[in-house]
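K.L.:
One file: entry_39.cif (mmCIF, C-alpha atoms).
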data_start
loop_
_atom_site.label_atom_id
_atom_site.label_comp_id
_atom_site.auth_asym_id
_atom_site.auth_seq_id
_atom_site.Cartn_x
_atom_site.Cartn_y
_atom_site.Cartn_z
CA MET I 452 0.00 0.00 0.00
CA ARG I 453 1.39 3.37 -1.03
CA LYS I 454 0.60 6.37 1.16
CA GLU I 455 0.21 9.98 0.16
CA GLN I 456 -0.66 11.08 3.67
CA SER I 457 -1.89 9.08 6.60
CA GLY I 458 -2.27 8.75 10.30
CA GLY I 459 -0.96 5.94 12.49
CA GLY I 460 -4.07 3.85 11.80
CA ALA I 461 -2.62 2.86 8.41
CA ALA I 462 -0.42 0.29 10.15
CA LEU I 463 -3.55 -1.60 11.14
CA TYR I 464 -4.51 -2.15 7.55
CA ALA I 465 -4.37 -5.76 6.31
CA ASP I 466 -1.40 -6.94 4.29
CA PHE I 467 -2.93 -7.52 0.86
CA SER I 468 -0.16 -9.89 -0.13
CA GLN I 469 -1.60 -12.37 2.37
CA HIS I 470 -5.14 -12.17 0.97
CA GLY I 471 -5.47 -15.93 0.44
CA LEU I 472 -8.27 -15.60 -2.10
CA ILE I 473 -6.69 -17.92 -4.64
CA ARG I 474 -4.06 -20.57 -5.07
CA THR I 475 -1.42 -20.02 -7.71
CA ALA I 476 -0.47 -22.48 -10.41
CA SER I 477 2.83 -23.25 -8.66
CA SER I 478 1.08 -24.13 -5.39
CA LEU I 479 -1.28 -26.44 -7.24
CA ARG I 480 1.68 -28.15 -8.87
CA ARG I 481 3.19 -28.81 -5.45
CA GLU I 482 -0.09 -30.16 -4.10
CA ARG I 483 -0.84 -32.81 -6.68
CA LYS I 484 0.19 -34.95 -9.55
CA THR I 485 -2.63 -35.53 -11.99
CA SER I 486 -3.50 -37.56 -15.05
CA MET I 487 -3.72 -35.60 -18.27
CA MET I 488 -7.15 -34.39 -19.44
CA HIS I 489 -7.40 -33.72 -23.16
CA VAL I 490 -9.14 -30.60 -24.44
CA GLY I 491 -10.97 -29.94 -27.69
CA LEU I 492 -11.42 -26.27 -28.62
CA ILE I 493 -14.35 -25.24 -30.81
CA GLY I 494 -13.61 -21.92 -32.49
CA HIS I 495 -10.34 -20.16 -33.25
CA GLY I 496 -10.81 -16.41 -33.16
CA TYR I 497 -9.53 -13.60 -30.98
CA ALA I 498 -10.74 -15.05 -27.65
CA SER I 499 -9.28 -18.50 -28.35
CA ALA I 500 -5.91 -17.21 -29.52
CA THR I 501 -5.58 -14.53 -26.83
CA PHE I 502 -7.04 -16.22 -23.75
CA HIS I 503 -7.94 -19.88 -23.99
CA ILE I 504 -5.01 -21.45 -25.81
CA PRO I 505 -2.27 -19.75 -23.74
CA LEU I 506 -4.08 -20.44 -20.46
CA ILE I 507 -4.87 -24.08 -21.31
CA ASN I 508 -1.22 -24.61 -22.29
CA LYS I 509 -0.09 -23.31 -18.88
CA ALA I 510 -2.55 -25.36 -16.82
CA VAL I 511 -1.32 -28.42 -14.99
CA GLY I 512 -3.12 -31.56 -16.17
CA LEU I 513 -4.67 -30.12 -19.35
CA GLN I 514 -3.49 -30.78 -22.89
CA LEU I 515 -4.93 -29.15 -25.99
CA GLN I 516 -5.68 -32.05 -28.33
CA ALA I 517 -7.77 -30.68 -31.19
CA ILE I 518 -9.08 -27.35 -32.51
CA TYR I 519 -12.08 -26.78 -34.75
CA SER I 520 -11.67 -23.83 -37.08
CA SER I 521 -13.52 -22.80 -40.22
CA LYS I 522 -10.32 -21.15 -41.43
CA ALA I 523 -6.86 -22.55 -42.11
CA VAL I 524 -4.93 -22.48 -38.83
CA ASN I 525 -1.54 -23.91 -37.94
CA HIS I 526 -0.95 -25.20 -34.42
CA SER I 527 2.17 -27.05 -33.40
CA HIS I 528 0.68 -29.11 -30.55
CA ALA I 529 -2.92 -29.82 -31.57
CA ALA I 530 -4.76 -31.21 -34.57
CA VAL I 531 -6.78 -28.62 -36.51
CA VAL I 532 -10.00 -29.93 -38.06
CA SER I 533 -12.74 -28.37 -40.18
CA ASP I 534 -15.62 -30.51 -38.86
CA VAL I 535 -16.97 -29.47 -35.47
CA ASN I 536 -18.59 -32.88 -34.96
CA GLU I 537 -15.18 -34.52 -35.24
CA VAL I 538 -13.93 -32.61 -32.21
CA ILE I 539 -17.04 -33.47 -30.18
CA SER I 540 -17.01 -37.17 -31.10
CA ARG I 541 -13.30 -37.88 -30.63
CA LYS I 542 -12.76 -40.48 -27.92
CA ASP I 543 -9.40 -38.96 -26.93
CA ILE I 544 -11.04 -35.68 -25.85
CA ASP I 545 -12.39 -35.22 -22.32
CA VAL I 546 -13.27 -31.52 -22.28
CA ILE I 547 -14.86 -29.32 -24.93
CA VAL I 548 -14.30 -25.55 -24.82
CA VAL I 549 -16.89 -23.57 -26.80
CA VAL I 550 -15.50 -20.26 -28.07
CA THR I 551 -17.83 -19.32 -30.91
CA PRO I 552 -20.36 -16.52 -31.61
CA ASN I 553 -22.82 -16.12 -28.75
CA MET I 554 -25.89 -17.41 -30.58
CA THR I 555 -24.15 -20.80 -31.13
CA HIS I 556 -23.12 -21.48 -27.52
CA TYR I 557 -26.30 -23.34 -26.59
CA GLU I 558 -26.41 -25.77 -29.51
CA LEU I 559 -22.69 -26.62 -29.41
CA ALA I 560 -22.59 -27.02 -25.63
CA LYS I 561 -25.69 -29.21 -25.80
CA LYS I 562 -24.08 -31.48 -28.41
CA ALA I 563 -20.91 -31.79 -26.37
CA ILE I 564 -22.74 -32.55 -23.12
CA ALA I 565 -24.94 -35.12 -24.87
CA ALA I 566 -21.73 -36.79 -26.10
CA GLY I 567 -20.57 -37.14 -22.49
CA LYS I 568 -17.93 -34.39 -22.57
CA HIS I 569 -17.16 -31.91 -19.82
CA VAL I 570 -17.83 -28.42 -21.18
CA VAL I 571 -16.46 -24.89 -20.81
CA VAL I 572 -18.53 -22.16 -22.46
CA GLU I 573 -17.11 -18.74 -23.25
CA LYS I 574 -19.19 -15.97 -21.71
CA PRO I 575 -21.99 -15.10 -22.15
CA PHE I 576 -23.20 -18.57 -21.19
CA THR I 577 -26.25 -18.57 -23.48
CA VAL I 578 -28.64 -16.10 -25.09
CA THR I 579 -31.57 -16.97 -22.76
CA SER I 580 -31.79 -18.22 -19.20
CA ALA I 581 -34.08 -21.04 -20.37
CA GLN I 582 -31.25 -22.33 -22.57
CA ALA I 583 -28.89 -22.12 -19.61
CA ASP I 584 -31.27 -24.09 -17.38
CA GLU I 585 -31.56 -26.79 -20.05
CA LEU I 586 -27.78 -27.16 -20.29
CA ILE I 587 -27.43 -27.30 -16.51
CA ASP I 588 -30.07 -30.04 -16.28
CA LEU I 589 -28.52 -32.01 -19.15
CA ALA I 590 -25.03 -31.84 -17.60
CA ARG I 591 -26.46 -33.11 -14.32
CA GLN I 592 -28.17 -36.01 -16.12
CA LYS I 593 -25.00 -36.92 -18.02
CA GLY I 594 -22.76 -36.59 -14.97
CA VAL I 595 -20.37 -34.12 -16.60
CA LEU I 596 -18.91 -30.81 -15.46
CA LEU I 597 -20.19 -27.56 -16.93
CA THR I 598 -18.66 -24.14 -16.35
CA VAL I 599 -18.41 -20.70 -17.96
CA PHE I 600 -15.27 -18.68 -18.72
CA GLN I 601 -15.94 -15.62 -16.57
CA ASN I 602 -12.26 -14.74 -16.55
CA ARG I 603 -12.72 -11.23 -15.23
CA ARG I 604 -13.40 -12.58 -11.77
CA TRP I 605 -9.59 -12.67 -11.76
CA ASP I 606 -9.00 -9.10 -12.95
CA ASN I 607 -6.51 -7.34 -10.72
CA ASP I 608 -8.91 -4.50 -9.83
CA PHE I 609 -11.74 -6.90 -9.00
CA LEU I 610 -9.52 -9.02 -6.73
CA THR I 611 -8.49 -5.82 -4.96
CA VAL I 612 -12.12 -4.74 -4.46
CA GLN I 613 -12.97 -8.22 -3.13
CA GLU I 614 -10.19 -7.89 -0.58
CA LEU I 615 -11.30 -4.43 0.49
CA LEU I 616 -14.81 -5.75 1.06
CA ARG I 617 -13.50 -8.80 2.92
CA THR I 618 -11.50 -6.65 5.33
CA GLU I 619 -14.48 -4.26 5.76
CA VAL I 620 -12.12 -1.30 5.59
CA LEU I 621 -14.84 0.65 3.73
CA GLY I 622 -17.51 -0.19 6.28
CA LYS I 623 -21.04 -1.00 5.15
CA ILE I 624 -21.20 -0.56 1.36
CA SER I 625 -23.78 1.92 0.08
CA MET I 626 -22.73 2.27 -3.58
CA TYR I 627 -20.74 0.18 -6.06
CA GLU I 628 -20.20 1.49 -9.58
CA ALA I 629 -18.26 -0.21 -12.38
CA HIS I 630 -17.69 0.94 -15.96
CA TYR I 631 -16.46 -0.30 -19.31
CA ASP I 632 -16.12 2.90 -21.32
CA ARG I 633 -14.60 2.80 -24.80
CA PHE I 634 -14.22 5.15 -27.75
CA ARG I 635 -15.42 3.26 -30.80
CA PRO I 636 -17.62 5.78 -32.63
CA ASN I 637 -17.77 3.83 -35.89
CA VAL I 638 -19.87 0.69 -36.30
CA ARG I 639 -17.89 -2.28 -37.61
CA GLN I 640 -19.07 -5.11 -39.87
CA ARG I 641 -18.94 -8.06 -37.48
CA TRP I 642 -21.47 -10.33 -35.82
CA ARG I 643 -21.10 -8.63 -32.43
CA GLU I 644 -22.57 -5.45 -33.91
CA GLN I 645 -25.35 -6.98 -35.98
CA ASN I 646 -29.00 -7.27 -34.96
CA ILE I 647 -28.86 -10.95 -34.01
CA PRO I 648 -29.53 -12.82 -30.74
CA GLY I 649 -26.75 -12.39 -28.20
CA SER I 650 -25.01 -9.51 -29.96
CA GLY I 651 -24.19 -6.10 -28.49
CA ILE I 652 -22.22 -4.98 -25.46
CA LEU I 653 -24.87 -5.91 -22.90
CA TYR I 654 -24.08 -9.55 -23.61
CA ASP I 655 -20.38 -8.81 -24.14
CA LEU I 656 -19.10 -6.33 -21.56
CA GLY I 657 -22.29 -6.53 -19.52
CA ALA I 658 -21.77 -10.25 -18.88
CA HIS I 659 -18.50 -9.36 -17.15
CA LEU I 660 -19.82 -6.45 -15.09
CA ILE I 661 -22.97 -8.30 -14.02
CA ASP I 662 -21.04 -11.44 -13.05
CA GLN I 663 -18.66 -9.38 -10.92
CA ALA I 664 -21.54 -7.58 -9.20
CA LEU I 665 -23.40 -10.82 -8.46
CA THR I 666 -20.19 -12.38 -7.16
CA LEU I 667 -19.87 -9.53 -4.68
CA PHE I 668 -23.51 -8.95 -3.72
CA GLN I 669 -25.66 -11.84 -5.05
CA MET I 670 -28.95 -11.24 -6.90
CA PRO I 671 -30.56 -7.80 -6.51
CA LYS I 672 -34.21 -7.16 -5.69
CA THR I 673 -34.85 -4.69 -8.52
CA ILE I 674 -33.34 -3.49 -11.76
CA TRP I 675 -33.77 -0.32 -13.81
CA ALA I 676 -32.06 -0.18 -17.19
CA ASP I 677 -31.34 2.24 -20.00
CA VAL I 678 -30.23 0.13 -22.99
CA GLN I 679 -29.55 1.81 -26.35
CA ALA I 680 -28.00 1.58 -29.78
CA GLU I 681 -26.66 5.12 -29.75
CA ARG I 682 -24.09 5.30 -32.57
CA THR I 683 -25.09 6.28 -36.08
CA GLY I 684 -25.94 3.10 -37.97
CA ALA I 685 -25.79 0.89 -34.87
CA GLU I 686 -27.98 -2.24 -34.99
CA ALA I 687 -26.94 -3.80 -31.68
CA VAL I 688 -26.78 -2.43 -28.14
CA ASP I 689 -23.70 -0.23 -27.72
CA TYR I 690 -24.67 1.59 -24.49
CA PHE I 691 -26.20 0.50 -21.21
CA HIS I 692 -26.74 1.89 -17.74
CA LEU I 693 -28.04 -0.58 -15.17
CA VAL I 694 -29.10 0.20 -11.61
CA LEU I 695 -29.39 -2.89 -9.42
CA GLY I 696 -31.38 -2.33 -6.24
CA TYR I 697 -30.66 -3.99 -2.90
CA ASP I 698 -32.10 -3.33 0.56
CA ASP I 699 -29.06 -1.35 1.68
CA LYS I 700 -27.10 -0.41 -1.42
CA LYS I 701 -27.20 0.43 -5.13
CA VAL I 702 -25.03 -1.12 -7.82
CA ILE I 703 -24.49 0.84 -11.04
CA LEU I 704 -23.08 -0.92 -14.11
CA HIS I 705 -22.33 1.19 -17.16
CA ALA I 706 -20.76 0.83 -20.60
CA GLY I 707 -20.62 3.13 -23.59
CA SER I 708 -18.96 3.26 -26.99
CA ILE I 709 -18.56 7.03 -27.37
CA VAL I 710 -16.39 7.88 -24.36
CA ARG I 711 -13.19 9.60 -25.45
CA GLU I 712 -11.96 10.23 -21.92
CA PRO I 713 -13.06 7.46 -19.53
CA GLY I 714 -13.66 8.08 -15.87
CA PRO I 715 -12.95 5.64 -13.03
CA LYS I 716 -13.21 1.94 -13.81
CA VAL I 717 -14.64 1.20 -10.36
CA MET I 718 -15.89 3.24 -7.40
CA VAL I 719 -16.95 1.78 -4.05
CA HIS I 720 -18.41 3.91 -1.25
CA GLY I 721 -19.18 2.82 2.31
CA THR I 722 -19.81 4.15 5.79
CA ARG I 723 -16.08 4.25 6.61
CA GLY I 724 -14.52 5.19 3.30
CA SER I 725 -14.26 5.16 -0.48
CA PHE I 726 -12.14 3.39 -3.08
CA ILE I 727 -11.73 4.78 -6.61
CA LYS I 728 -9.65 3.20 -9.35
CA TYR I 729 -8.87 4.03 -12.98
CA GLY I 730 -7.58 1.79 -15.74
CA LEU I 731 -8.12 -1.74 -17.05
CA ASP I 732 -6.57 -4.99 -15.94
CA SER I 733 -3.24 -5.66 -17.68
CA GLN I 734 -3.55 -9.36 -18.50
CA GLU I 735 -5.27 -9.10 -21.90
CA ASP I 736 -2.58 -6.77 -23.24
CA GLN I 737 0.11 -8.96 -21.72
CA LEU I 738 -1.29 -12.07 -23.41
CA LYS I 739 -1.45 -10.24 -26.75
CA LYS I 740 2.26 -9.41 -26.32
CA GLY I 741 3.11 -13.06 -25.73
CA MET I 742 3.49 -12.99 -21.95
CA SER I 743 2.37 -15.97 -19.88
CA PRO I 744 1.30 -16.56 -16.29
CA GLY I 745 4.39 -16.72 -14.12
CA ASP I 746 6.38 -14.25 -16.21
CA PRO I 747 7.85 -11.28 -14.32
CA GLY I 748 5.18 -8.62 -13.95
CA TRP I 749 2.33 -10.95 -14.91
CA GLY I 750 -1.05 -9.47 -13.89
CA GLU I 751 0.54 -6.50 -12.17
CA ASP I 752 -0.80 -2.97 -12.39
CA GLU I 753 1.04 0.20 -13.30
CA PRO I 754 1.67 2.27 -10.14
CA GLY I 755 -0.07 5.22 -11.77
CA GLN I 756 -3.29 3.17 -11.86
CA TYR I 757 -3.28 2.05 -8.22
CA GLY I 758 -6.62 2.84 -6.60
CA LEU I 759 -7.15 5.66 -4.14
CA LEU I 760 -8.42 4.65 -0.71
CA THR I 761 -9.82 7.23 1.70
CA ALA I 762 -10.99 5.67 4.97
CA ASP I 763 -11.17 5.88 8.74
CA ILE I 764 -8.88 3.18 10.15
CA GLY I 765 -8.19 2.71 13.84
CA GLY I 766 -9.54 6.13 14.71
CA MET I 767 -7.30 7.85 12.17
CA THR I 768 -7.99 9.13 8.66
CA PHE I 769 -6.04 7.42 5.89
CA ARG I 770 -5.77 8.69 2.31
CA GLY I 771 -3.42 6.94 -0.06
CA THR I 772 -2.98 4.56 -2.95
CA VAL I 773 -3.48 0.82 -2.60
CA GLU I 774 -1.18 -1.44 -4.59
CA THR I 775 -3.40 -3.52 -6.89
CA LEU I 776 -3.40 -7.26 -6.29
CA PRO I 777 -1.98 -9.15 -9.29
CA GLY I 778 -4.50 -10.54 -11.77
CA ARG I 779 -4.77 -14.33 -12.07
CA TYR I 780 -6.55 -15.49 -15.25
CA GLU I 781 -4.65 -18.78 -15.04
CA VAL I 782 -6.65 -19.77 -11.97
CA PHE I 783 -9.70 -20.61 -14.11
CA TYR I 784 -8.11 -23.53 -15.94
CA GLU I 785 -6.08 -24.60 -12.91
CA GLN I 786 -9.29 -24.90 -10.90
CA LEU I 787 -11.00 -26.68 -13.80
CA SER I 788 -8.18 -29.22 -13.92
CA HIS I 789 -8.48 -29.76 -10.19
CA ALA I 790 -12.26 -30.19 -10.49
CA LEU I 791 -11.81 -32.80 -13.22
CA THR I 792 -9.20 -34.84 -11.37
CA ALA I 793 -9.98 -34.29 -7.69
CA GLY I 794 -13.72 -33.63 -7.63
CA SER I 795 -13.49 -30.06 -6.35
CA ALA I 796 -15.87 -27.30 -7.47
CA VAL I 797 -15.66 -25.88 -10.97
CA PRO I 798 -14.21 -22.34 -11.12
CA VAL I 799 -17.58 -20.81 -12.06
CA LEU I 800 -20.85 -22.50 -11.20
CA PRO I 801 -23.15 -22.59 -14.26
CA GLU I 802 -26.06 -21.43 -12.11
CA GLU I 803 -24.13 -18.23 -11.40
CA SER I 804 -23.68 -17.53 -15.11
CA ARG I 805 -27.34 -18.40 -15.68
CA ASN I 806 -28.21 -15.64 -13.20
CA THR I 807 -26.13 -13.21 -15.26
CA ILE I 808 -28.30 -14.02 -18.29
CA ARG I 809 -31.41 -13.52 -16.15
CA ILE I 810 -30.21 -10.01 -15.27
CA ILE I 811 -29.67 -9.27 -18.97
CA GLU I 812 -33.23 -10.41 -19.68
CA TYR I 813 -34.61 -8.26 -16.85
CA ALA I 814 -32.59 -5.29 -18.17
CA MET I 815 -34.13 -5.64 -21.62
CA GLN I 816 -37.58 -5.94 -20.04
CA SER I 817 -36.95 -2.76 -18.06
CA GLN I 818 -35.97 -0.94 -21.26
CA ARG I 819 -39.05 -2.18 -23.12
CA GLU I 820 -41.47 -1.31 -20.32
CA GLN I 821 -39.62 1.84 -19.19
CA LYS I 822 -39.86 0.96 -15.52
CA THR I 823 -38.10 -0.62 -12.58
CA ILE I 824 -38.48 -4.41 -12.61
CA GLN I 825 -38.98 -6.50 -9.48
CA ILE I 826 -36.73 -9.57 -9.60
CA SER I 827 -38.38 -12.79 -8.52
#
Could you take the file, read its structure, and then write that structure out as structure tokens?
P.N.:
Amino acid sequence: MRKEQSGGGAALYADFSQHGLIRTASSLRRERKTSMMHVGLIGHGYASATFHIPLINKAVGLQLQAIYSSKAVNHSHAAVVSDVNEVISRKDIDVIVVVTPNMTHYELAKKAIAAGKHVVVEKPFTVTSAQADELIDLARQKGVLLTVFQNRRWDNDFLTVQELLRTEVLGKISMYEAHYDRFRPNVRQRWREQNIPGSGILYDLGAHLIDQALTLFQMPKTIWADVQAERTGAEAVDYFHLVLGYDDKKVILHAGSIVREPGPKVMVHGTRGSFIKYGLDSQEDQLKKGMSPGDPGWGEDEPGQYGLLTADIGGMTFRGTVETLPGRYEVFYEQLSHALTAGSAVPVLPEESRNTIRIIEYAMQSQREQKTIQIS
């Protein structure tokens, strides 16, 4: 923790390096030796190349066996096939990872589960909560694991907020606000920006923000939403402002596409203090540059983006920067490997990601009806 000015109460503040929220890949390696589980990847676009393949390759006990791609792709350690059914039906594959356009998640995951494969689905889980419930029921019937790649539970800023809430340094939380603001004023010709099921940033960025909020605070009691296609020529949602209502707090989730100068990424206010932080997690850019988990500086934040904490601690007023906890995207596949071989919980329960889709549905209902929606 870096101080600008503080009283003696700062010494009472918890040592964030001892947060104990997660186990690292190296600790898991020391704990166990495991049989290899073979992975089939369906889809080879940006998300597969940037996130899934590097993280699978680093995970203990997982081996990438085959990749389905509709385009010519070279991969030194896995077979590349042009028939998606071949990946699903291969007997040497234990786990299917679905990384395809959102509207195809349900059908492909359903095929893989029906074939007796464990399944990872890229977020958003499905387009509707009814589809999600069907997949959850089918996985239970088939006795296979089902999980969703909500990797931003391991963003460095989110891990830091979790620790602040765990230590109660902010007191009783009254307001949590999180943003994904980008400057993309021109509509692009891609499926994410077309008027098709599951497109738009409510399903894209919103699936991250909603999942983080529900991880912190569970399901809200109400939701009010402003959901728009605001850019010239936009067909899909490119702006949203959600207000989730709880008995004792409000949660605001916001994303826009015409924000040249973004404000704070996250703000948390409570009865004892506030935490405000700018800037995005570093891991996506690091992966694009070829870095891997375990490399020097992996998941670390730039000091200029450390969050500002202002709080009453031990009877003294503290105001200073808090060193961001390192991000840990690798934990997702490490925990999946452990779940497959040791019977522990999957990294993200599918019911949790189903609830994220429910919130998206309630948000669209709120926009249609122009009112606050009671959540049942």
K.L.:
Report as a list in words all protein, DNA and RNA residues lying within 8 Å of I:Ala566, evaluated on only C-alpha atoms, omitting residues in the same chain fewer than 4 positions from it.
P.N.:
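The neighbour list is Ile539, Ser540 and Lys562 of chain I.
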K.L.:
Write to file, as a JSON list (two decimals), in the coordinates of the input, the residues of the selection just made, with C-alpha atoms.
P.N.:
[["chain", "number", "residue", "atom", "x", "y", "z"],
["I", 539, "ILE", "CA", -17.04, -33.47, -30.18],
["I", 540, "SER", "CA", -17.01, -37.17, -31.10],
["I", 562, "LYS", "CA", -24.08, -31.48, -28.41]]
K.L.:
Calculated over only C-alpha atoms, which of the candidates I:Ala500, I:Met767, I:Ala793, I:Ala629 has the smallest distance to I:Lys716?
P.N.:
I:Ala629
K.L.:
Once the PyMOL selection byres ((chain I and resi 585) around 12) has been evaluated on this model, what residues remain selected, and can you format them as a PyMOL selection string?
P.N.:
chain I and resi 557-558+560-561+564-565+576-577+579-584+586-592+597+801-802+805
K.L.:
For stretch 589-605 of chain I, I'd like the enclosing box, axis-aligned and padded by 5 Å on every side, reported as JSON with centre and edge lengths in Å to one decimal.
P.N.:
{"center_x": -19.1, "center_y": -24.1, "center_z": -15.5, "size_x": 28.9, "size_y": 35.7, "size_z": 17.4}
K.L.:
Of the candidates I:Val570, I:Gln601, I:Gly494, I:Ser733, which shows the shortest atom-to-atom distance to I:Ala523, using all atoms listed in the file?
P.N.:
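So, comparing all the options, the nearest one is I:Gly494.
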K.L.:
Looking at only C-alpha atoms, which of I:Ala658, I:Val782, I:Val694, I:Val688 is the one that sits closest to I:Ile808?
P.N.:
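Closest to I:Ile808, using only C-alpha atoms: I:Ala658.
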K.L.:
Applying 8 Å and only C-alpha atoms, which residues near stretch 813-826 of chain I remain after dropping the ones on its own chain fewer than 4 positions away? List them as a list in words.
P.N.:
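Neighbouring residues, sequence-local ones excluded: Pro671, Lys672, Thr673, Ile674, Trp675, Ala676, Asp677, Val678, Leu693 and Arg809 of chain I.
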